[in-house]
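Quick look at model_11.cif (mmCIF, C-alpha atoms):
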```
data_input
#
loop_
_atom_site.group_PDB
_atom_site.id
_atom_site.type_symbol
_atom_site.label_atom_id
_atom_site.label_comp_id
_atom_site.auth_asym_id
_atom_site.auth_seq_id
_atom_site.Cartn_x
_atom_site.Cartn_y
_atom_site.Cartn_z
ATOM 1 C CA MET A 12 -5.137 -17.128 -11.895
ATOM 2 C CA THR A 13 -8.464 -16.775 -10.094
ATOM 3 C CA THR A 14 -10.040 -13.852 -8.258
ATOM 4 C CA ARG A 15 -12.858 -13.324 -5.815
ATOM 5 C CA THR A 16 -14.255 -10.638 -3.545
ATOM 6 C CA VAL A 17 -13.915 -11.056 0.205
ATOM 7 C CA GLU A 18 -15.996 -9.341 2.881
ATOM 8 C CA TYR A 19 -14.685 -8.684 6.367
ATOM 9 C CA PRO A 20 -15.333 -6.220 9.224
ATOM 10 C CA ALA A 21 -13.036 -3.285 9.982
ATOM 11 C CA ASP A 22 -13.385 0.290 11.266
ATOM 12 C CA GLY A 23 -17.078 -0.290 11.950
ATOM 13 C CA LEU A 24 -17.707 -1.105 8.288
ATOM 14 C CA THR A 25 -18.047 -4.154 6.073
ATOM 15 C CA MET A 26 -14.968 -4.039 3.862
ATOM 16 C CA ILE A 27 -14.984 -5.586 0.387
ATOM 17 C CA GLY A 28 -11.531 -6.624 -0.760
ATOM 18 C CA HIS A 29 -10.242 -8.200 -3.957
ATOM 19 C CA LEU A 30 -8.291 -11.443 -3.598
ATOM 20 C CA ALA A 31 -6.181 -12.744 -6.495
ATOM 21 C CA LEU A 32 -4.715 -16.258 -6.448
ATOM 22 C CA PRO A 33 -1.952 -17.611 -8.652
ATOM 23 C CA ALA A 34 -2.285 -20.841 -10.588
ATOM 24 C CA GLY A 35 -1.669 -24.061 -8.687
ATOM 25 C CA VAL A 36 -2.601 -25.347 -5.254
ATOM 26 C CA ASP A 37 0.597 -24.831 -3.258
ATOM 27 C CA ARG A 38 1.238 -22.149 -0.660
ATOM 28 C CA ARG A 39 2.750 -18.955 -2.006
ATOM 29 C CA PRO A 40 4.160 -15.717 -0.620
ATOM 30 C CA ALA A 41 1.501 -13.050 -0.275
ATOM 31 C CA VAL A 42 1.148 -9.292 -0.675
ATOM 32 C CA LEU A 43 -1.278 -6.787 0.802
ATOM 33 C CA VAL A 44 -2.129 -3.958 -1.604
ATOM 34 C CA GLY A 45 -3.468 -0.712 -0.117
ATOM 35 C CA PRO A 46 -5.380 1.862 -2.196
ATOM 36 C CA GLU A 47 -5.212 5.638 -2.494
ATOM 37 C CA GLY A 48 -7.503 7.772 -0.357
ATOM 38 C CA MET A 49 -10.341 7.525 -2.862
ATOM 39 C CA GLY A 50 -10.635 3.852 -2.039
ATOM 40 C CA LEU A 51 -10.327 0.484 -3.700
ATOM 41 C CA SER A 52 -10.708 0.710 -7.469
ATOM 42 C CA ASP A 53 -9.933 -1.311 -10.572
ATOM 43 C CA VAL A 54 -6.415 0.174 -10.490
ATOM 44 C CA GLU A 55 -5.560 -1.720 -7.302
ATOM 45 C CA ARG A 56 -7.518 -4.782 -8.410
ATOM 46 C CA ARG A 57 -5.412 -4.957 -11.576
ATOM 47 C CA ARG A 58 -2.241 -4.618 -9.506
ATOM 48 C CA ALA A 59 -3.314 -7.534 -7.343
ATOM 49 C CA ASP A 60 -4.059 -9.553 -10.485
ATOM 50 C CA THR A 61 -0.616 -8.720 -11.867
ATOM 51 C CA LEU A 62 1.016 -9.877 -8.641
ATOM 52 C CA ALA A 63 -0.951 -13.122 -8.810
ATOM 53 C CA ALA A 64 0.315 -13.648 -12.351
ATOM 54 C CA LEU A 65 3.835 -13.280 -10.920
ATOM 55 C CA GLY A 66 3.091 -16.039 -8.401
ATOM 56 C CA TYR A 67 1.913 -14.159 -5.317
ATOM 57 C CA VAL A 68 -1.329 -14.392 -3.405
ATOM 58 C CA ALA A 69 -2.510 -10.769 -3.398
ATOM 59 C CA LEU A 70 -5.248 -8.967 -1.476
ATOM 60 C CA ALA A 71 -6.199 -5.446 -2.517
ATOM 61 C CA PHE A 72 -7.854 -4.224 0.648
ATOM 62 C CA ASP A 73 -10.708 -1.820 1.215
ATOM 63 C CA VAL A 74 -10.711 1.323 3.363
ATOM 64 C CA HIS A 75 -14.228 2.770 2.919
ATOM 65 C CA GLY A 76 -16.649 -0.137 3.307
ATOM 66 C CA GLY A 77 -17.015 -0.889 -0.378
ATOM 67 C CA ARG A 78 -17.290 2.756 -1.418
ATOM 68 C CA TYR A 79 -15.129 4.723 -3.842
ATOM 69 C CA LEU A 80 -15.026 8.384 -2.794
ATOM 70 C CA GLY A 81 -14.786 10.357 -6.018
ATOM 71 C CA ASP A 82 -15.799 13.622 -4.333
ATOM 72 C CA PRO A 83 -12.560 15.196 -3.024
ATOM 73 C CA GLU A 84 -14.326 16.858 -0.074
ATOM 74 C CA GLU A 85 -15.931 13.595 1.013
ATOM 75 C CA MET A 86 -12.633 11.754 0.593
ATOM 76 C CA LEU A 87 -10.709 14.282 2.684
ATOM 77 C CA ALA A 88 -13.424 14.347 5.345
ATOM 78 C CA ARG A 89 -12.952 10.610 5.870
ATOM 79 C CA CYS A 90 -9.220 10.266 5.224
ATOM 80 C CA MET A 91 -7.829 13.170 7.253
ATOM 81 C CA PRO A 92 -9.197 11.918 10.599
ATOM 82 C CA LEU A 93 -8.120 8.394 9.657
ATOM 83 C CA LEU A 94 -4.576 9.478 8.843
ATOM 84 C CA SER A 95 -4.303 11.227 12.199
ATOM 85 C CA ASP A 96 -5.324 8.079 14.105
ATOM 86 C CA PRO A 97 -2.662 5.339 13.965
ATOM 87 C CA ASP A 98 -4.809 2.911 15.909
ATOM 88 C CA ARG A 99 -7.650 3.147 13.388
ATOM 89 C CA MET A 100 -5.211 2.649 10.508
ATOM 90 C CA ARG A 101 -3.720 -0.374 12.249
ATOM 91 C CA GLY A 102 -7.183 -1.808 12.798
ATOM 92 C CA ILE A 103 -7.949 -1.592 9.077
ATOM 93 C CA GLY A 104 -4.573 -3.088 8.219
ATOM 94 C CA HIS A 105 -4.770 -5.930 10.712
ATOM 95 C CA ALA A 106 -8.266 -6.885 9.540
ATOM 96 C CA ALA A 107 -7.048 -7.198 5.953
ATOM 97 C CA LEU A 108 -3.936 -9.045 7.065
ATOM 98 C CA GLU A 109 -6.056 -11.598 8.921
ATOM 99 C CA VAL A 110 -8.036 -12.274 5.736
ATOM 100 C CA LEU A 111 -4.836 -12.744 3.756
ATOM 101 C CA ARG A 112 -3.296 -15.036 6.369
ATOM 102 C CA ALA A 113 -6.468 -17.133 6.543
ATOM 103 C CA GLU A 114 -6.335 -17.877 2.815
ATOM 104 C CA PRO A 115 -5.107 -21.510 2.477
ATOM 105 C CA ARG A 116 -2.823 -20.568 -0.451
ATOM 106 C CA THR A 117 -0.958 -17.997 1.674
ATOM 107 C CA ASP A 118 2.347 -18.817 3.308
ATOM 108 C CA PRO A 119 1.704 -16.929 6.579
ATOM 109 C CA ASP A 120 5.427 -16.495 7.225
ATOM 110 C CA ARG A 121 6.071 -14.786 3.897
ATOM 111 C CA ILE A 122 3.951 -11.654 3.549
ATOM 112 C CA ALA A 123 4.801 -8.180 2.263
ATOM 113 C CA ALA A 124 2.680 -5.046 2.072
ATOM 114 C CA ILE A 125 2.551 -2.263 -0.493
ATOM 115 C CA GLY A 126 0.306 0.772 -0.494
ATOM 116 C CA TYR A 127 -0.494 4.069 -2.150
ATOM 117 C CA GLY A 128 -1.422 7.247 -0.293
ATOM 118 C CA THR A 129 -3.788 6.301 2.535
ATOM 119 C CA GLY A 130 -3.191 2.611 1.868
ATOM 120 C CA GLY A 131 0.541 3.214 2.115
ATOM 121 C CA ALA A 132 0.122 4.967 5.453
ATOM 122 C CA ILE A 133 -1.838 1.955 6.698
ATOM 123 C CA VAL A 134 0.861 -0.561 5.750
ATOM 124 C CA LEU A 135 3.508 1.639 7.374
ATOM 125 C CA GLU A 136 1.490 1.559 10.585
ATOM 126 C CA LEU A 137 1.464 -2.233 10.411
ATOM 127 C CA GLY A 138 5.231 -2.046 10.351
ATOM 128 C CA ARG A 139 5.322 0.380 13.267
ATOM 129 C CA ASP A 140 3.065 -2.031 15.120
ATOM 130 C CA GLY A 141 5.724 -4.718 14.835
ATOM 131 C CA VAL A 142 3.974 -6.946 12.289
ATOM 132 C CA ASP A 143 6.283 -9.561 10.776
ATOM 133 C CA LEU A 144 6.448 -8.459 7.135
ATOM 134 C CA ARG A 145 9.137 -9.231 4.581
ATOM 135 C CA ALA A 146 8.943 -5.787 2.954
ATOM 136 C CA ILE A 147 6.940 -2.567 2.962
ATOM 137 C CA GLY A 148 6.613 -0.505 -0.210
ATOM 138 C CA THR A 149 4.770 2.805 -0.423
ATOM 139 C CA ILE A 150 4.099 5.591 -2.898
ATOM 140 C CA ASN A 151 2.848 9.030 -1.828
ATOM 141 C CA ALA A 152 2.787 7.914 1.819
ATOM 142 C CA LEU A 153 5.665 9.613 3.609
ATOM 143 C CA THR A 154 3.774 9.669 6.891
ATOM 144 C CA THR A 155 5.547 9.743 10.228
ATOM 145 C CA GLY A 156 4.436 7.778 13.257
ATOM 146 C CA ARG A 157 4.363 8.127 17.009
ATOM 147 C CA PRO A 158 7.797 8.685 18.582
ATOM 148 C CA GLY A 159 9.943 5.593 18.791
ATOM 149 C CA GLU A 160 7.527 3.188 17.124
ATOM 150 C CA ALA A 161 9.431 3.002 13.830
ATOM 151 C CA ALA A 162 12.031 0.964 15.717
ATOM 152 C CA ARG A 163 9.510 -1.889 15.656
ATOM 153 C CA ILE A 164 9.675 -2.134 11.839
ATOM 154 C CA ARG A 165 11.231 -5.508 11.060
ATOM 155 C CA CYS A 166 11.749 -5.336 7.296
ATOM 156 C CA PRO A 167 13.097 -3.116 4.517
ATOM 157 C CA VAL A 168 11.004 -0.059 3.676
ATOM 158 C CA TRP A 169 10.909 1.383 0.161
ATOM 159 C CA ALA A 170 9.166 4.702 -0.500
ATOM 160 C CA GLY A 171 8.484 6.588 -3.711
ATOM 161 C CA VAL A 172 7.347 10.186 -4.116
ATOM 162 C CA GLY A 173 7.062 12.792 -6.864
ATOM 163 C CA SER A 174 9.481 15.699 -6.661
ATOM 164 C CA GLU A 175 6.624 18.169 -7.248
ATOM 165 C CA ASP A 176 4.131 16.553 -4.869
ATOM 166 C CA PRO A 177 2.687 19.437 -2.793
ATOM 167 C CA ILE A 178 1.057 17.003 -0.358
ATOM 168 C CA MET A 179 4.404 15.326 0.410
ATOM 169 C CA PRO A 180 6.807 18.310 0.222
ATOM 170 C CA PRO A 181 10.542 18.193 0.991
ATOM 171 C CA ALA A 182 9.963 18.867 4.699
ATOM 172 C CA GLN A 183 7.738 15.801 4.892
ATOM 173 C CA ARG A 184 10.339 13.739 3.056
ATOM 174 C CA ASP A 185 12.985 14.870 5.519
ATOM 175 C CA ALA A 186 10.833 14.023 8.536
ATOM 176 C CA PHE A 187 10.082 10.552 7.166
ATOM 177 C CA THR A 188 13.674 9.703 6.324
ATOM 178 C CA ALA A 189 14.870 11.068 9.680
ATOM 179 C CA GLU A 190 12.381 8.807 11.459
ATOM 180 C CA MET A 191 13.482 5.759 9.475
ATOM 181 C CA GLN A 192 17.177 6.499 9.950
ATOM 182 C CA ALA A 193 16.879 7.130 13.688
ATOM 183 C CA ALA A 194 15.023 3.822 14.046
ATOM 184 C CA GLY A 195 17.714 1.865 12.220
ATOM 185 C CA VAL A 196 15.326 0.798 9.455
ATOM 186 C CA ASP A 197 16.679 -0.487 6.135
ATOM 187 C CA TRP A 198 15.041 2.258 4.090
ATOM 188 C CA ARG A 199 15.119 3.648 0.575
ATOM 189 C CA LEU A 200 13.472 6.737 -0.906
ATOM 190 C CA VAL A 201 13.084 7.308 -4.637
ATOM 191 C CA VAL A 202 12.115 10.793 -5.807
ATOM 192 C CA TYR A 203 10.619 10.799 -9.291
ATOM 193 C CA GLY A 204 11.548 14.050 -11.001
ATOM 194 C CA GLY A 205 8.714 16.282 -12.151
ATOM 195 C CA ALA A 206 5.969 14.021 -10.775
ATOM 196 C CA LEU A 207 2.963 15.207 -8.752
ATOM 197 C CA HIS A 208 0.955 13.416 -6.066
ATOM 198 C CA ALA A 209 -0.646 10.138 -7.213
ATOM 199 C CA PHE A 210 1.559 10.195 -10.308
ATOM 200 C CA HIS A 211 1.162 6.417 -10.524
ATOM 201 C CA HIS A 212 -2.646 6.539 -10.825
ATOM 202 C CA PRO A 213 -4.223 6.822 -14.307
ATOM 203 C CA PRO A 214 -6.457 9.870 -14.825
ATOM 204 C CA VAL A 215 -9.851 9.739 -13.133
ATOM 205 C CA ASP A 216 -13.194 10.930 -14.505
ATOM 206 C CA HIS A 217 -14.033 13.041 -11.458
ATOM 207 C CA PRO A 218 -12.515 16.085 -9.714
ATOM 208 C CA ALA A 219 -9.245 15.571 -7.865
ATOM 209 C CA VAL A 220 -7.486 17.512 -5.144
ATOM 210 C CA PRO A 221 -4.913 20.069 -6.372
ATOM 211 C CA GLY A 222 -1.421 18.776 -7.008
ATOM 212 C CA VAL A 223 -2.536 15.411 -8.379
ATOM 213 C CA GLY A 224 -1.406 14.281 -11.816
ATOM 214 C CA TYR A 225 -0.567 11.157 -13.782
ATOM 215 C CA HIS A 226 2.973 10.616 -15.061
ATOM 216 C CA PRO A 227 2.934 7.526 -17.323
ATOM 217 C CA GLN A 228 6.699 7.035 -17.487
ATOM 218 C CA HIS A 229 7.258 7.345 -13.762
ATOM 219 C CA ALA A 230 4.191 5.197 -13.070
ATOM 220 C CA GLN A 231 5.822 2.363 -14.992
ATOM 221 C CA ARG A 232 9.162 2.952 -13.261
ATOM 222 C CA ALA A 233 7.580 2.975 -9.808
ATOM 223 C CA TRP A 234 5.760 -0.297 -10.483
ATOM 224 C CA ARG A 235 9.022 -1.903 -11.624
ATOM 225 C CA ASP A 236 10.651 -0.647 -8.432
ATOM 226 C CA VAL A 237 7.889 -2.251 -6.355
ATOM 227 C CA VAL A 238 8.225 -5.555 -8.217
ATOM 228 C CA ASP A 239 11.996 -5.429 -7.729
ATOM 229 C CA LEU A 240 11.483 -4.888 -3.988
ATOM 230 C CA LEU A 241 9.306 -7.974 -3.818
ATOM 231 C CA ALA A 242 11.744 -10.003 -5.899
ATOM 232 C CA GLU A 243 14.535 -9.076 -3.488
ATOM 233 C CA CYS A 244 12.706 -9.464 -0.177
ATOM 234 C CA LEU A 245 9.921 -11.909 -1.021
ATOM 235 C CA PRO A 246 10.952 -14.105 -3.964
ATOM 236 C CA VAL A 247 8.284 -16.457 -5.222
ATOM 237 C CA THR A 248 10.656 -19.387 -4.660
ATOM 238 C CA GLU A 249 13.231 -19.624 -1.903
#
```

Target format structure tokens, applied to this file:
Amino acid sequence: MTTRTVEYPADGLTMIGHLALPAGVDRRPAVLVGPEGMGLSDVERRRADTLAALGYVALAFDVHGGRYLGDPEEMLARCMPLLSDPDRMRGIGHAALEVLRAEPRTDPDRIAAIGYGTGGAIVLELGRDGVDLRAIGTINALTTGRPGEAARIRCPVWAGVGSEDPIMPPAQRDAFTAEMQAAGVDWRLVVYGGALHAFHHPPVDHPAVPGVGYHPQHAQRAWRDVVDLLAECLPVTE
């Protein structure tokens, strides 16, 4: 496995992503990996590396121009307007997707996207924009889109959320699943009992917004669920 940083423009910024390549020289299926609202960190980089070890080309993409926003107020000030603007989210997602597709090791017809929080909302918007993906997997990203656009999603959608997540409460879950069902999407929702928002993310050494907490057992389960989604919809060999 090899890794390298990649720079590309998006949202008026110079994004700095993390590209992980599996061993060999042949084309492989590929996965976009979107970060939480704080931005790209070693957590997402390690996930991309793990996917590369499984045989995928993986790009952990950037959302803040190379910055990690550890201050909750600064993070919310950037992410809330972004999350309310589907076109901006799609722009960030498409820019990363172009980088991944341009990689010679990527099979451009076999790409999936996974994301966490803000990154999950971005990959969902790629689906609502009609992008040809093999699968979409999200955690803590039960966002709803503009009316009718979910019908353009062309792949299975898997979503995970903590039962005690105050940022994604039951009403938000219901709105998301109603949107997916009305659009005829092949969707699944897993609710992890007792888990808070960002339950998959190891503890951070800076303040976090209320309702955030790590749940080691569910973090491992959610990652296995994501890997199973990829194995089903985007096997390394076909």

message: Given the PyMOL selection byres ((chain A and resi 150-166) around 6) and the file above, list the residues it selects as number ranges by chain.
response: A: 127-128, 131-132, 138-139, 141, 145-146, 149, 167, 170-172, 187, 194

message: Taking only C-alpha atoms into account, name the residue in A:Val238, A:Val36, A:Val44, A:Ala21 that is nearest to A:Leu111.
response: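 Between A:Val238, A:Val36, A:Val44, A:Ala21, the residue approaching A:Leu111 most closely is A:Val44.
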
- prompt: Neighbours of A:Arg99 within 12 Å (only C-alpha atoms; same-chain residues fewer than 2 positions away dropped), as a list in words?
  reply: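 Contacts, with the query itself left out: Ala21, Asp22, Gly23, Val74, Arg89, Cys90, Met91, Pro92, Leu93, Leu94, Ser95, Asp96, Pro97, Arg101, Gly102, Ile103, Gly104, His105, Ala106, Thr129, Ala132, Ile133, Glu136 and Leu137 of chain A.
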
- request: Mind checking which residues fall within 8 Å of A:His208, counting all atoms listed in the file, ignoring those fewer than 3 positions away in the same chain, and posting them as a list of chain:residue names?
  value: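 Listing them by chain and then by number gives A:Asn151, A:Val172, A:Gly173, A:Glu175, A:Asp176, A:Pro177, A:Ile178, A:Met179, A:Gly222, A:Val223, A:Gly224.
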
field: Two-atom distance - atom CA of A:Thr14, atom CA of A:His229 (Å)
entry: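 About the pair atom CA of A:Thr14 and atom CA of A:His229: they are 27.9 Å apart.
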
message: Need to verify the contact set: stretch 62-72 of chain A, 8 Å, only C-alpha atoms, exclusion of same-chain residues closer than 2 positions in sequence. Can you return it as a PyMOL selection string?
response: chain A and resi 12+26-34+39-46+51+55-56+58-60+74+107+111+116-117+247

message: So the first atom is atom CA of A:Ala88 and the second is atom CA of A:Pro181; what is the distance between them in Å, to one decimal place?
response: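 For atom CA of A:Ala88 relative to atom CA of A:Pro181, the distance reads 24.7 Å.
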
message: Counting all atoms listed in the file, which residue out of A:Leu108, A:Asp118, A:Arg235, A:Leu245 sits closest to A:Val134?
response: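 Nearest to A:Val134: A:Leu108.
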
As JSON: centre and edge lengths in Å, one decimal, of the axis-aligned box holding stretch 89-93 of chain A with 3 Å per side:
```
{"center_x": -10.4, "center_y": 10.8, "center_z": 7.9, "size_x": 11.1, "size_y": 10.8, "size_z": 11.4}
```

query: Of the candidates A:Ala123, A:Ala233, A:Met191, A:Val168, which shows the shortest atom-to-atom distance to A:Phe210, using all atoms listed in the file?
result: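 Checking each of A:Ala123, A:Ala233, A:Met191, A:Val168 against A:Phe210, counting all atoms listed in the file, the winner is A:Ala233.
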
task: Report as number ranges by chain the full result of the PyMOL selection byres ((chain A and resi 227) around 12) when it is applied to this structure.
output: A: 203, 205-207, 209-214, 224-226, 228-234

A:Ile125, A:Leu87, A:Asp98, A:Val215 ranked by distance to A:Asp53, top pick (using all atoms listed in the file):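 Looking only at the distances to A:Asp53, the closest residue turns out to be A:Val215.
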
- prompt: Could you state the separation of atom CA of A:Val17 and atom CA of A:Leu241 in Å, given to one decimal place?
  reply: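 Separation between atom CA of A:Val17 and atom CA of A:Leu241: 23.8 Å.
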
message: Here is a test: counting only C-alpha atoms, which residue of A:Leu24, A:Met86, A:Ala182, A:Val237 is nearest to A:Asp73?
response: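 Looking at the shortest contact to A:Asp73, the residue is A:Leu24.
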